[in-house]
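Asker: Following this line is final_23.cif, made up of mmCIF, C-alpha atoms:
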data_my_file
#
loop_
_atom_site.label_atom_id
_atom_site.label_comp_id
_atom_site.auth_asym_id
_atom_site.auth_seq_id
_atom_site.Cartn_x
_atom_site.Cartn_y
_atom_site.Cartn_z
CA MET A 1 0.00 0.00 0.00
CA GLY A 2 2.75 2.46 -0.78
CA ARG A 3 4.99 3.45 2.09
CA ASN A 4 2.47 4.22 4.81
CA THR A 5 1.66 1.39 7.17
CA THR A 6 -1.26 2.93 9.04
CA ALA A 7 -3.53 3.51 6.03
CA LEU A 8 -6.54 1.21 5.87
CA THR A 9 -6.00 -1.58 3.39
CA ALA A 10 -8.01 -3.57 0.88
CA GLY A 11 -10.68 -5.76 2.45
CA THR A 12 -11.43 -3.30 5.27
CA ILE A 13 -14.92 -1.85 5.62
CA ALA A 14 -14.63 1.83 4.74
CA PRO A 15 -15.51 3.86 7.86
CA ASP A 16 -18.59 5.98 7.23
CA PHE A 17 -18.40 9.72 7.73
CA ALA A 18 -20.28 12.93 7.05
CA LEU A 19 -18.41 16.01 5.87
CA ARG A 20 -19.39 19.34 4.39
CA ALA A 21 -19.00 19.86 0.65
CA THR A 22 -20.40 23.39 0.77
CA PRO A 23 -21.54 25.63 3.64
CA ASP A 24 -24.99 24.01 3.49
CA GLN A 25 -24.40 20.57 2.04
CA LEU A 26 -23.34 17.61 4.14
CA VAL A 27 -22.17 14.51 2.28
CA GLU A 28 -22.20 11.05 3.83
CA LEU A 29 -20.07 8.27 2.41
CA SER A 30 -23.01 5.86 2.68
CA GLU A 31 -24.96 8.01 0.18
CA PHE A 32 -22.81 6.51 -2.57
CA ARG A 33 -23.66 2.91 -1.63
CA GLY A 34 -24.29 0.84 -4.77
CA ASN A 35 -21.54 2.54 -6.76
CA PRO A 36 -17.78 2.74 -6.39
CA VAL A 37 -16.26 5.76 -4.66
CA ILE A 38 -12.75 7.10 -5.05
CA LEU A 39 -11.56 8.98 -1.98
CA ALA A 40 -8.59 11.16 -2.84
CA PHE A 41 -6.99 12.70 0.24
CA TYR A 42 -4.64 15.55 -0.70
CA PRO A 43 -2.59 17.91 1.47
CA ALA A 44 -4.02 21.28 0.46
CA ASP A 45 -5.98 23.37 -2.03
CA TRP A 46 -3.96 25.79 -4.12
CA SER A 47 -0.90 23.72 -4.84
CA PRO A 48 1.33 25.82 -7.07
CA VAL A 49 1.24 23.74 -10.25
CA CYS A 50 -1.49 23.90 -12.87
CA GLY A 51 -1.43 20.23 -13.74
CA ASP A 52 -2.05 19.15 -10.18
CA GLN A 53 -3.75 16.06 -8.84
CA MET A 54 -7.27 17.47 -8.66
CA ALA A 55 -6.94 19.00 -12.14
CA LEU A 56 -6.03 15.59 -13.50
CA TYR A 57 -9.02 13.91 -11.85
CA ASN A 58 -11.20 16.69 -13.20
CA GLU A 59 -10.11 15.77 -16.72
CA LEU A 60 -10.90 12.11 -16.06
CA ARG A 61 -14.52 12.53 -14.95
CA SER A 62 -15.84 10.75 -18.03
CA GLU A 63 -13.45 7.82 -17.51
CA PHE A 64 -14.53 7.46 -13.88
CA ALA A 65 -18.16 7.79 -14.94
CA GLU A 66 -17.76 4.73 -17.16
CA PHE A 67 -17.38 2.76 -13.93
CA ASN A 68 -20.23 4.73 -12.29
CA ALA A 69 -17.55 5.81 -9.82
CA HIS A 70 -17.76 9.01 -7.80
CA MET A 71 -14.55 10.96 -7.31
CA VAL A 72 -14.37 12.78 -3.99
CA GLY A 73 -11.44 14.96 -2.96
CA ILE A 74 -10.75 15.47 0.76
CA SER A 75 -8.43 17.89 2.49
CA VAL A 76 -8.39 19.79 5.78
CA ASP A 77 -9.25 23.04 4.00
CA GLY A 78 -12.60 24.63 4.88
CA VAL A 79 -15.66 24.83 2.64
CA TRP A 80 -15.07 28.44 1.57
CA CYS A 81 -11.53 27.62 0.59
CA HIS A 82 -12.76 24.59 -1.36
CA ARG A 83 -15.37 26.71 -3.10
CA ALA A 84 -12.83 29.30 -4.24
CA PHE A 85 -10.39 26.60 -5.28
CA ALA A 86 -13.01 24.67 -7.26
CA GLU A 87 -14.21 27.82 -8.99
CA SER A 88 -10.72 28.93 -9.86
CA ARG A 89 -9.67 25.54 -11.25
CA LYS A 90 -13.09 24.76 -12.74
CA LEU A 91 -13.34 21.53 -10.78
CA HIS A 92 -16.58 19.66 -11.32
CA PHE A 93 -16.51 17.09 -8.56
CA THR A 94 -17.07 17.13 -4.82
CA LEU A 95 -14.41 18.43 -2.46
CA LEU A 96 -15.00 17.63 1.20
CA ALA A 97 -13.75 19.68 4.12
CA ASP A 98 -12.15 17.53 6.83
CA PHE A 99 -12.02 20.73 8.80
CA GLU A 100 -13.67 20.34 12.20
CA PRO A 101 -12.54 18.41 14.10
CA LYS A 102 -9.54 18.85 11.90
CA GLY A 103 -8.47 15.75 10.02
CA ALA A 104 -10.90 13.46 11.85
CA VAL A 105 -11.76 11.48 8.72
CA ALA A 106 -8.13 11.31 7.62
CA ARG A 107 -7.35 9.83 11.04
CA LEU A 108 -10.13 7.26 10.61
CA TYR A 109 -8.47 6.16 7.37
CA GLY A 110 -4.99 6.28 8.88
CA VAL A 111 -3.70 9.03 6.62
CA TYR A 112 -3.29 12.09 8.84
CA ARG A 113 0.13 13.74 9.15
CA GLU A 114 0.38 15.10 12.69
CA ARG A 115 3.47 17.19 12.16
CA GLU A 116 2.21 19.03 9.09
CA GLY A 117 -1.43 19.13 10.11
CA THR A 118 -2.50 17.88 6.69
CA THR A 119 -3.55 14.58 5.18
CA GLU A 120 -1.31 12.28 3.23
CA ARG A 121 -1.68 12.03 -0.52
CA ALA A 122 -3.75 8.88 -0.23
CA LEU A 123 -6.18 7.10 -2.53
CA PHE A 124 -8.94 4.66 -1.59
CA VAL A 125 -11.18 2.86 -4.05
CA ILE A 126 -14.32 1.67 -2.27
CA ASP A 127 -16.79 -0.74 -3.85
CA GLY A 128 -20.57 -0.47 -3.97
CA GLU A 129 -20.86 -2.41 -0.71
CA GLY A 130 -18.61 -0.01 1.14
CA VAL A 131 -15.49 -2.19 1.25
CA ILE A 132 -12.07 -0.72 0.50
CA ARG A 133 -10.76 -2.57 -2.53
CA TRP A 134 -7.52 -0.70 -3.13
CA SER A 135 -5.54 1.89 -1.27
CA TYR A 136 -2.33 3.72 -1.96
CA VAL A 137 -0.30 6.32 -0.11
CA SER A 138 2.03 8.37 -2.27
CA PRO A 139 5.12 10.19 -1.07
CA VAL A 140 3.57 13.53 -0.16
CA GLY A 141 5.54 15.44 -2.78
CA VAL A 142 4.59 13.05 -5.55
CA ASN A 143 1.24 13.31 -7.26
CA PRO A 144 0.13 9.68 -7.64
CA GLY A 145 -1.69 10.24 -10.93
CA ALA A 146 -4.67 8.12 -11.89
CA ASP A 147 -3.37 4.87 -13.33
CA GLY A 148 -3.73 2.99 -10.03
CA ILE A 149 -7.32 4.17 -9.63
CA LEU A 150 -8.29 3.07 -13.14
CA LYS A 151 -6.67 -0.33 -12.65
CA ALA A 152 -8.52 -0.82 -9.38
CA LEU A 153 -11.85 0.19 -10.96
CA GLU A 154 -11.23 -2.24 -13.81
CA GLN A 155 -10.55 -5.06 -11.40
CA LEU A 156 -13.63 -4.13 -9.44
CA LYS A 157 -15.74 -4.31 -12.57
CA GLY A 158 -14.13 -7.60 -13.62
CA GLY A 159 -14.67 -9.11 -10.17
CA ALA A 160 -18.31 -8.03 -10.04
CA THR A 161 -19.40 -9.89 -13.18
CA MET B 1 -13.82 -12.63 -1.26
CA SER B 2 -10.89 -13.85 -3.32
CA SER B 3 -11.28 -10.89 -5.64
CA HIS B 4 -10.56 -8.61 -2.68
CA GLU B 5 -7.26 -10.35 -2.18
CA SER B 6 -6.25 -10.06 -5.79
CA ILE B 7 -6.92 -6.33 -5.74
CA SER B 8 -5.00 -5.94 -2.53
CA HIS B 9 -2.13 -7.69 -4.22
CA ALA B 10 -2.31 -5.37 -7.20
CA GLY B 11 -2.25 -2.47 -4.78
CA THR B 12 1.02 -3.49 -3.25
CA GLU B 13 2.53 -3.87 -6.69
CA HIS B 14 1.73 -0.33 -7.73
CA ALA B 15 5.34 0.45 -8.58
CA ALA B 16 7.23 3.35 -10.11
CA ALA B 17 5.36 4.73 -13.09
CA THR B 18 6.55 3.35 -16.41
CA LEU B 19 5.76 4.43 -19.93
CA VAL B 20 3.09 2.53 -21.87
CA PRO B 21 3.23 2.21 -24.82
CA GLU B 22 6.95 2.43 -25.41
CA VAL B 23 8.26 4.98 -27.86
CA GLY B 24 7.47 3.86 -31.40
CA ALA B 25 7.02 4.89 -35.01
CA HIS B 26 3.80 6.80 -34.28
CA ASP B 27 5.63 9.20 -31.94
CA HIS B 28 7.07 12.60 -32.75
CA SER B 29 10.75 12.32 -32.02
CA GLN B 30 13.90 14.35 -32.45
CA GLY B 31 17.40 12.92 -32.40
CA SER B 32 18.82 9.50 -33.09
CA ALA B 33 16.61 6.42 -32.67
CA THR B 34 19.71 4.63 -31.36
CA ALA B 35 20.42 7.30 -28.72
CA SER B 36 21.31 5.85 -25.33
CA VAL B 37 18.75 8.06 -23.59
CA THR B 38 15.16 8.68 -24.63
CA LEU B 39 13.35 11.56 -22.96
CA VAL B 40 9.57 11.64 -23.35
CA GLU B 41 7.59 14.72 -22.41
CA TYR B 42 3.84 14.71 -21.88
CA GLY B 43 3.02 18.34 -22.46
CA ASP B 44 0.22 20.86 -22.89
CA TYR B 45 0.76 23.82 -25.23
CA GLN B 46 -1.15 26.19 -22.97
CA CYS B 47 0.67 25.17 -19.79
CA PRO B 48 3.09 27.84 -18.58
CA HIS B 49 5.27 25.22 -16.85
CA CYS B 50 5.67 23.36 -20.14
CA ARG B 51 6.66 26.62 -21.72
CA ARG B 52 9.31 27.05 -19.03
CA ALA B 53 10.57 23.54 -19.71
CA PHE B 54 10.79 24.15 -23.47
CA PRO B 55 14.13 26.07 -23.56
CA LEU B 56 15.59 23.75 -20.91
CA VAL B 57 14.92 20.71 -23.06
CA GLN B 58 16.45 22.50 -26.05
CA LYS B 59 19.58 23.24 -24.01
CA LEU B 60 19.85 19.63 -22.92
CA GLN B 61 19.39 18.46 -26.50
CA LYS B 62 22.34 20.64 -27.51
CA ARG B 63 24.40 19.49 -24.56
CA LEU B 64 23.80 15.78 -25.10
CA GLY B 65 23.71 15.72 -28.90
CA ASP B 66 23.40 12.22 -30.39
CA ARG B 67 23.11 10.65 -26.97
CA LEU B 68 19.57 12.02 -26.52
CA ARG B 69 16.33 11.31 -28.33
CA PHE B 70 13.40 13.57 -27.42
CA VAL B 71 9.75 12.59 -27.85
CA PHE B 72 6.68 14.79 -27.34
CA ARG B 73 3.25 13.40 -26.48
CA ASN B 74 0.08 15.42 -25.95
CA PHE B 75 -1.44 15.90 -22.52
CA PRO B 76 -3.90 18.80 -22.84
CA LEU B 77 -5.70 19.65 -19.59
CA ASN B 78 -8.86 20.97 -21.21
CA GLU B 79 -10.59 22.22 -18.11
CA ALA B 80 -7.61 24.23 -16.96
CA HIS B 81 -6.50 25.23 -20.45
CA PRO B 82 -9.42 25.58 -22.87
CA GLU B 83 -7.21 26.15 -25.92
CA ALA B 84 -4.74 23.35 -25.28
CA LEU B 85 -6.72 20.70 -27.16
CA HIS B 86 -6.97 22.73 -30.36
CA ALA B 87 -3.31 23.69 -30.14
CA ALA B 88 -2.41 19.99 -29.91
CA GLU B 89 -4.75 19.13 -32.79
CA ALA B 90 -3.21 21.90 -34.90
CA ALA B 91 0.29 20.52 -34.34
CA GLU B 92 -0.92 17.02 -35.25
CA SER B 93 -2.57 18.38 -38.39
CA VAL B 94 0.70 20.01 -39.42
CA ALA B 95 2.52 16.71 -38.80
CA VAL B 96 0.12 14.75 -40.99
CA HIS B 97 0.06 17.22 -43.89
CA SER B 98 3.53 18.74 -43.78
CA GLY B 99 5.74 16.19 -42.06
CA GLU B 100 7.67 15.73 -38.86
CA GLU B 101 10.02 18.64 -39.36
CA ALA B 102 7.03 20.95 -39.69
CA PHE B 103 5.50 19.39 -36.57
CA TRP B 104 8.54 20.40 -34.53
CA SER B 105 8.50 23.91 -35.99
CA MET B 106 4.85 24.15 -34.95
CA HIS B 107 5.62 22.74 -31.49
CA ASP B 108 8.34 25.36 -31.05
CA ALA B 109 6.11 28.16 -32.38
CA LEU B 110 3.30 27.28 -29.97
CA TYR B 111 5.57 27.50 -26.94
CA THR B 112 7.36 30.57 -28.25
CA HIS B 113 4.10 32.47 -28.71
CA GLN B 114 2.11 31.02 -25.79
CA GLN B 115 2.28 34.17 -23.68
CA ASP B 116 2.10 36.78 -26.47
CA SER B 117 -1.47 37.74 -25.59
CA GLU B 118 -4.65 36.20 -24.25
CA TYR B 119 -5.53 35.25 -27.82
CA ALA B 120 -2.16 33.63 -28.54
CA LEU B 121 -3.64 30.15 -28.88
CA ASP B 122 -7.04 30.83 -30.43
CA ASP B 123 -7.81 29.14 -33.75
CA GLU B 124 -6.90 32.20 -35.77
CA HIS B 125 -3.43 32.32 -34.23
CA LEU B 126 -2.96 28.57 -34.56
CA MET B 127 -3.58 28.96 -38.30
CA LYS B 128 -1.20 31.90 -38.44
CA TYR B 129 1.61 29.92 -36.82
CA ALA B 130 0.96 27.09 -39.28
CA ALA B 131 1.31 29.58 -42.16
CA ASP B 132 4.47 31.05 -40.59
CA ILE B 133 6.19 27.68 -40.62
CA GLY B 134 5.15 26.91 -44.20
CA ALA B 135 2.13 24.67 -43.59
CA ASP B 136 -1.29 25.29 -45.10
CA PRO B 137 -3.43 27.23 -42.61
CA THR B 138 -6.70 26.40 -44.36
CA THR B 139 -6.07 22.68 -43.93
CA VAL B 140 -5.30 23.20 -40.26
CA GLY B 141 -8.48 25.24 -39.86
CA MET B 142 -10.61 22.56 -41.53
CA ASP B 143 -9.01 19.81 -39.47
CA LEU B 144 -9.76 21.75 -36.28
CA GLU B 145 -13.35 22.26 -37.29
CA LYS B 146 -13.85 18.56 -38.03
CA GLU B 147 -11.79 17.46 -35.00
CA VAL B 148 -9.81 15.20 -37.33
CA HIS B 149 -6.87 14.74 -34.98
CA GLN B 150 -8.71 14.72 -31.67
CA LYS B 151 -8.61 10.93 -31.44
CA ARG B 152 -4.84 10.91 -31.73
CA VAL B 153 -4.48 13.62 -29.09
CA LYS B 154 -6.84 11.82 -26.71
CA ALA B 155 -4.99 8.55 -27.25
CA ASP B 156 -1.78 10.32 -26.23
CA PHE B 157 -3.60 11.70 -23.17
CA MET B 158 -4.89 8.30 -22.05
CA SER B 159 -1.50 6.67 -22.62
CA GLY B 160 -0.16 9.34 -20.30
CA VAL B 161 -2.78 8.62 -17.65
CA ARG B 162 -1.99 4.90 -17.88
CA SER B 163 1.72 5.63 -17.61
CA GLY B 164 1.31 7.66 -14.42
CA VAL B 165 1.43 11.17 -15.86
CA ASN B 166 0.29 13.37 -13.02
CA GLY B 167 0.45 16.87 -14.40
CA THR B 168 2.25 18.86 -17.03
CA PRO B 169 4.95 18.62 -17.95
CA THR B 170 5.70 15.03 -16.96
CA PHE B 171 8.94 13.51 -18.21
CA PHE B 172 9.97 9.89 -18.65
CA ILE B 173 13.63 8.96 -18.95
CA ASN B 174 14.12 5.63 -20.71
CA GLY B 175 10.55 4.74 -19.83
CA VAL B 176 10.60 5.64 -16.13
CA ARG B 177 8.83 8.72 -14.76
CA PHE B 178 11.24 11.41 -13.63
CA ASP B 179 10.05 12.64 -10.24
CA GLY B 180 12.98 14.99 -9.71
CA ASN B 181 13.09 18.71 -10.35
CA TRP B 182 13.18 19.33 -14.10
CA SER B 183 13.42 23.08 -13.62
CA ASP B 184 16.92 22.60 -12.19
CA ILE B 185 18.81 22.02 -15.43
CA ASP B 186 21.78 20.45 -13.66
CA GLU B 187 19.61 17.93 -11.83
CA PHE B 188 17.63 17.23 -14.98
CA GLY B 189 20.80 16.95 -17.06
CA ALA B 190 22.42 14.61 -14.54
CA ALA B 191 19.37 12.31 -14.70
CA LEU B 192 19.76 12.15 -18.47
CA SER B 193 23.49 11.43 -18.44
#
Now that the file is in, can you turn its structure into structure tokens?
Answerer:
Amino acid sequence: MGRNTTALTAGTIAPDFALRATPDQLVELSEFRGNPVILAFYPADWSPVCGDQMALYNELRSEFAEFNAHMVGISVDGVWCHRAFAESRKLHFTLLADFEPKGAVARLYGVYREREGTTERALFVIDGEGVIRWSYVSPVGVNPGADGILKALEQLKGGAT
Amino acid sequence: MSSHESISHAGTEHAAATLVPEVGAHDHSQGSATASVTLVEYGDYQCPHCRRAFPLVQKLQKRLGDRLRFVFRNFPLNEAHPEALHAAEAAESVAVHSGEEAFWSMHDALYTHQQDSEYALDDEHLMKYAADIGADPTTVGMDLEKEVHQKRVKADFMSGVRSGVNGTPTFFINGVRFDGNWSDIDEFGAALS
């Protein structure tokens, strides 16, 4: 599972949670039941490169949609920050604010970095029954890309038929 | 439950990103095919970071000479850069109708002019650059309208995704993603040597 040993691994039931996507919208993981979910924890909005991780996932919405998979980004940034970030980068998927208590969901998934006060760059692919089927923690400076996610979704689809 | 295990296994094997497909005849390449080092860039013509990388790559090509082959593949981030897809299609159109040398002239022109104005990469300017380098602008314009080369550009993009491209520019050195700092020409050069 990459280099991190505390991150939840494949076969584990994905802990449910409820986080804000906007000031007045609360999103629960269990709402996605029946379809795969990709949880992408990332350290912070506003990373200084234009081709960043969230921008890449934004480009791949149609590929994820082929698997009926929902992409959800999670960081410790607040909802207003997420809103400005999403507007600026034209992101068309949900960003959740793991803001209060800070990093609580990241801790549940074993991907909180105490020293920095941010989450790891961690990916979880969760199946329609709410079981983690693949997880990966990238070195925090390295954007993990999307190839691992697509492979996991393909295997999920193959295993389901 | 066995399928869970197999996916878990795949997860642990998620290794360093490697280039798929390998460099081949369909690629745009500069330099000797027998060069000891092949550098592949996944780039976006509207990306300012790619533009910054452009003169660095040229310098390294000069420095390394026959030892380096350079390949460019398209990775337009459409949402972030609304004109990147057409710019890539225009360069592909030039390649098909005027040859590889013209492709590279177009590639260079796109990065050279990227920041000229906010209109630097609109269709009109893409056609102008094509004319400047001796290609037929009308053909480029028609190809853009009919999206003739979009499939090729998107195939490049998906090959990048599958190879672990995570932004632009992303470089591969002899098929392995370079995660170092390309903007430091000495570090980049050392990785190529």
Asker: Applying 7 Å and all atoms listed in the file, which residues near B:Ala102 remain after dropping the ones on its own chain fewer than 6 positions away? List them as a list in words.
Answerer: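 These residues fall inside the cut-off: Val94, Ala95 and Ile133 of chain B.
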Asker: Hey, which of B:Lys62, B:Arg177, B:Arg162, B:His107 ends up closest to A:Leu60? Count all atoms listed in the file.
Answerer: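 Nearest candidate to A:Leu60 out of B:Lys62, B:Arg177, B:Arg162, B:His107: B:Arg162.
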Asker: Ranking A:Arg115, A:Arg89, A:Arg20, A:Lys157 by minimum distance to chain B and counting all atoms listed in the file, which one comes first?
Answerer: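 Of the candidates, the smallest distance to chain B is held by A:Arg89.
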Asker: Per residue of chain A within 10 Å of chain B, what are the shortest atom pair and its distance in Å to one decimal, counting all atoms listed in the file, with rows by chain and residue number, as a tab-separated table?
Answerer:
residue	atom	partner	partner_atom	distance
A:Met1	CA	B:Thr12	CA	4.9
A:Gly2	CA	B:Thr12	CA	6.7
A:Arg3	CA	B:Thr12	CA	9.6
A:Thr9	CA	B:Ser8	CA	7.4
A:Ala10	CA	B:Ser8	CA	5.1
A:Gly11	CA	B:His4	CA	5.9
A:Thr12	CA	B:His4	CA	9.6
A:Val49	CA	B:His49	CA	7.9
A:Cys50	CA	B:Cys47	CA	7.4
A:Gly51	CA	B:Gly167	CA	3.9
A:Asp52	CA	B:Gly167	CA	5.4
A:Gln53	CA	B:Asn166	CA	6.4
A:Met54	CA	B:Gly167	CA	9.6
A:Ala55	CA	B:Ala80	CA	7.1
A:Leu56	CA	B:Gly167	CA	6.7
A:Tyr57	CA	B:Asn166	CA	9.4
A:Asn58	CA	B:Glu79	CA	7.4
A:Glu59	CA	B:Leu77	CA	6.5
A:Leu60	CA	B:Val161	CA	9.0
A:Glu63	CA	B:Met158	CA	9.7
A:Ser88	CA	B:Ala80	CA	9.1
A:Arg89	CA	B:Ala80	CA	6.2
A:Lys90	CA	B:Glu79	CA	6.4
A:Leu91	CA	B:Glu79	CA	7.9
A:His92	CA	B:Glu79	CA	9.4
A:Val131	CA	B:His4	CA	9.0
A:Ile132	CA	B:His4	CA	8.6
A:Arg133	CA	B:His4	CA	6.0
A:Trp134	CA	B:Gly11	CA	5.8
A:Ser135	CA	B:Gly11	CA	6.5
A:Tyr136	CA	B:Gly11	CA	6.8
A:Gly141	CA	B:Asp179	CA	9.2
A:Val142	CA	B:Asp179	CA	7.2
A:Asn143	CA	B:Asn166	CA	5.8
A:Pro144	CA	B:Asn166	CA	6.5
A:Gly145	CA	B:Asn166	CA	4.3
A:Ala146	CA	B:Val161	CA	6.1
A:Asp147	CA	B:Arg162	CA	4.8
A:Gly148	CA	B:His14	CA	6.8
A:Ile149	CA	B:Gly11	CA	9.7
A:Leu150	CA	B:Arg162	CA	8.1
A:Lys151	CA	B:Ala10	CA	8.6
A:Ala152	CA	B:Ile7	CA	6.8
A:Leu153	CA	B:Ile7	CA	9.7
A:Gln155	CA	B:Ile7	CA	6.8
A:Leu156	CA	B:Ile7	CA	8.0
A:Gly158	CA	B:Ser3	CA	9.1
A:Gly159	CA	B:Ser3	CA	5.9
A:Ala160	CA	B:Ser3	CA	8.8
Asker: Considering only C-alpha atoms, state which residue in the set B:Tyr45, B:Ala53, B:Ala91, B:Phe157 is at the smallest distance from B:Tyr111.
Answerer: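 Closest to B:Tyr111, using only C-alpha atoms: B:Tyr45.
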Asker: Taking the file as I've supplied it (selection: the PyMOL selection byres ((chain B and resi 189) around 12)), which residues are included? Please answer as a list of chain:residue names.
Answerer: B:Val37, B:Leu39, B:Leu56, B:Val57, B:Gln58, B:Lys59, B:Leu60, B:Gln61, B:Lys62, B:Arg63, B:Leu64, B:Arg67, B:Leu68, B:Ile173, B:Phe178, B:Gly180, B:Asn181, B:Trp182, B:Ser183, B:Asp184, B:Ile185, B:Asp186, B:Glu187, B:Phe188, B:Ala190, B:Ala191, B:Leu192, B:Ser193
Asker: Report as a PyMOL selection string all protein, DNA and RNA residues lying within 8 Å of stretch 35-38 of chain A, evaluated on only C-alpha atoms, omitting residues in the same chain fewer than 3 positions from it.
Answerer: chain A and resi 32+67-72+123-129+149+153
Asker: Within 12 Å of B:Glu118, counting only C-alpha atoms, which residues qualify if same-chain residues fewer than 2 places away don't, as number ranges by chain?
Answerer: B: 46, 81-83, 113-116, 120-122, 125
Asker: Of the residues B:Arg52, B:Val71, B:Val20, B:Met142, which is the one nearest to B:Ala33, using all atoms listed in the file?
Answerer: B:Val71
Asker: Which residue gives the smallest distance to A:Thr119 among A:Ser62, A:Ala7, A:Ala86, A:Cys81, with only C-alpha atoms counted?
Answerer: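 Closest candidate: A:Ala7.
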Asker: Could you expand the PyMOL selection byres ((chain A and resi 18) around 12) into the explicit residues it covers here, written as a PDB file with C-alpha atoms, in the frame of the given file?
Answerer:
ATOM      1  CA  PRO A  15     -15.510   3.860   7.860  1.00  0.00           C
ATOM      2  CA  ASP A  16     -18.590   5.980   7.230  1.00  0.00           C
ATOM      3  CA  PHE A  17     -18.400   9.720   7.730  1.00  0.00           C
ATOM      4  CA  LEU A  19     -18.410  16.010   5.870  1.00  0.00           C
ATOM      5  CA  ARG A  20     -19.390  19.340   4.390  1.00  0.00           C
ATOM      6  CA  ALA A  21     -19.000  19.860   0.650  1.00  0.00           C
ATOM      7  CA  GLN A  25     -24.400  20.570   2.040  1.00  0.00           C
ATOM      8  CA  LEU A  26     -23.340  17.610   4.140  1.00  0.00           C
ATOM      9  CA  VAL A  27     -22.170  14.510   2.280  1.00  0.00           C
ATOM     10  CA  GLU A  28     -22.200  11.050   3.830  1.00  0.00           C
ATOM     11  CA  LEU A  29     -20.070   8.270   2.410  1.00  0.00           C
ATOM     12  CA  SER A  30     -23.010   5.860   2.680  1.00  0.00           C
ATOM     13  CA  GLU A  31     -24.960   8.010   0.180  1.00  0.00           C
ATOM     14  CA  PHE A  32     -22.810   6.510  -2.570  1.00  0.00           C
ATOM     15  CA  ILE A  74     -10.750  15.470   0.760  1.00  0.00           C
ATOM     16  CA  LEU A  96     -15.000  17.630   1.200  1.00  0.00           C
ATOM     17  CA  ALA A  97     -13.750  19.680   4.120  1.00  0.00           C
ATOM     18  CA  ASP A  98     -12.150  17.530   6.830  1.00  0.00           C
ATOM     19  CA  PHE A  99     -12.020  20.730   8.800  1.00  0.00           C
ATOM     20  CA  GLU A 100     -13.670  20.340  12.200  1.00  0.00           C
ATOM     21  CA  PRO A 101     -12.540  18.410  14.100  1.00  0.00           C
ATOM     22  CA  ALA A 104     -10.900  13.460  11.850  1.00  0.00           C
ATOM     23  CA  VAL A 105     -11.760  11.480   8.720  1.00  0.00           C
TER      24      VAL A 105
END
Asker: How many Å lie between atom CA of A:Val140 and atom CA of A:Tyr42, rounded to one decimal?
Answerer: 8.5 Å
Asker: Would you save stretch 65-78 of chain B to a file, keeping N, CA and C atoms, as an mmCIF file, in the first residue's frame?
Answerer:
data_model
loop_
_atom_site.group_PDB
_atom_site.id
_atom_site.type_symbol
_atom_site.label_atom_id
_atom_site.label_comp_id
_atom_site.auth_asym_id
_atom_site.auth_seq_id
_atom_site.Cartn_x
_atom_site.Cartn_y
_atom_site.Cartn_z
ATOM 1 N N GLY B 65 23.525 16.083 -27.488
ATOM 2 C CA GLY B 65 23.705 15.718 -28.899
ATOM 3 C C GLY B 65 23.088 14.373 -29.242
ATOM 4 N N ASP B 66 23.886 13.517 -29.897
ATOM 5 C CA ASP B 66 23.398 12.220 -30.393
ATOM 6 C C ASP B 66 23.003 11.265 -29.285
ATOM 7 N N ARG B 67 23.411 11.575 -28.075
ATOM 8 C CA ARG B 67 23.106 10.651 -26.969
ATOM 9 C C ARG B 67 21.648 10.741 -26.534
ATOM 10 N N LEU B 68 20.944 11.800 -26.994
ATOM 11 C CA LEU B 68 19.571 12.019 -26.519
ATOM 12 C C LEU B 68 18.563 12.006 -27.657
ATOM 13 N N ARG B 69 17.502 11.233 -27.453
ATOM 14 C CA ARG B 69 16.335 11.309 -28.334
ATOM 15 C C ARG B 69 15.204 11.944 -27.515
ATOM 16 N N PHE B 70 14.482 12.887 -28.119
ATOM 17 C CA PHE B 70 13.396 13.573 -27.417
ATOM 18 C C PHE B 70 12.061 13.297 -28.118
ATOM 19 N N VAL B 71 11.082 12.919 -27.321
ATOM 20 C CA VAL B 71 9.751 12.585 -27.847
ATOM 21 C C VAL B 71 8.711 13.449 -27.153
ATOM 22 N N PHE B 72 7.763 13.984 -27.922
ATOM 23 C CA PHE B 72 6.679 14.789 -27.335
ATOM 24 C C PHE B 72 5.342 14.085 -27.526
ATOM 25 N N ARG B 73 4.619 13.921 -26.420
ATOM 26 C CA ARG B 73 3.247 13.400 -26.482
ATOM 27 C C ARG B 73 2.293 14.420 -25.867
ATOM 28 N N ASN B 74 1.066 14.413 -26.363
ATOM 29 C CA ASN B 74 0.082 15.423 -25.951
ATOM 30 C C ASN B 74 -0.585 15.078 -24.625
ATOM 31 N N PHE B 75 -0.701 16.078 -23.772
ATOM 32 C CA PHE B 75 -1.444 15.900 -22.519
ATOM 33 C C PHE B 75 -2.205 17.188 -22.199
ATOM 34 N N PRO B 76 -3.172 17.541 -23.062
ATOM 35 C CA PRO B 76 -3.903 18.795 -22.835
ATOM 36 C C PRO B 76 -4.880 18.690 -21.671
ATOM 37 N N LEU B 77 -4.753 19.580 -20.714
ATOM 38 C CA LEU B 77 -5.696 19.650 -19.588
ATOM 39 C C LEU B 77 -6.793 20.639 -19.972
ATOM 40 N N ASN B 78 -7.849 20.102 -20.586
ATOM 41 C CA ASN B 78 -8.860 20.968 -21.207
ATOM 42 C C ASN B 78 -9.572 21.900 -20.254
#
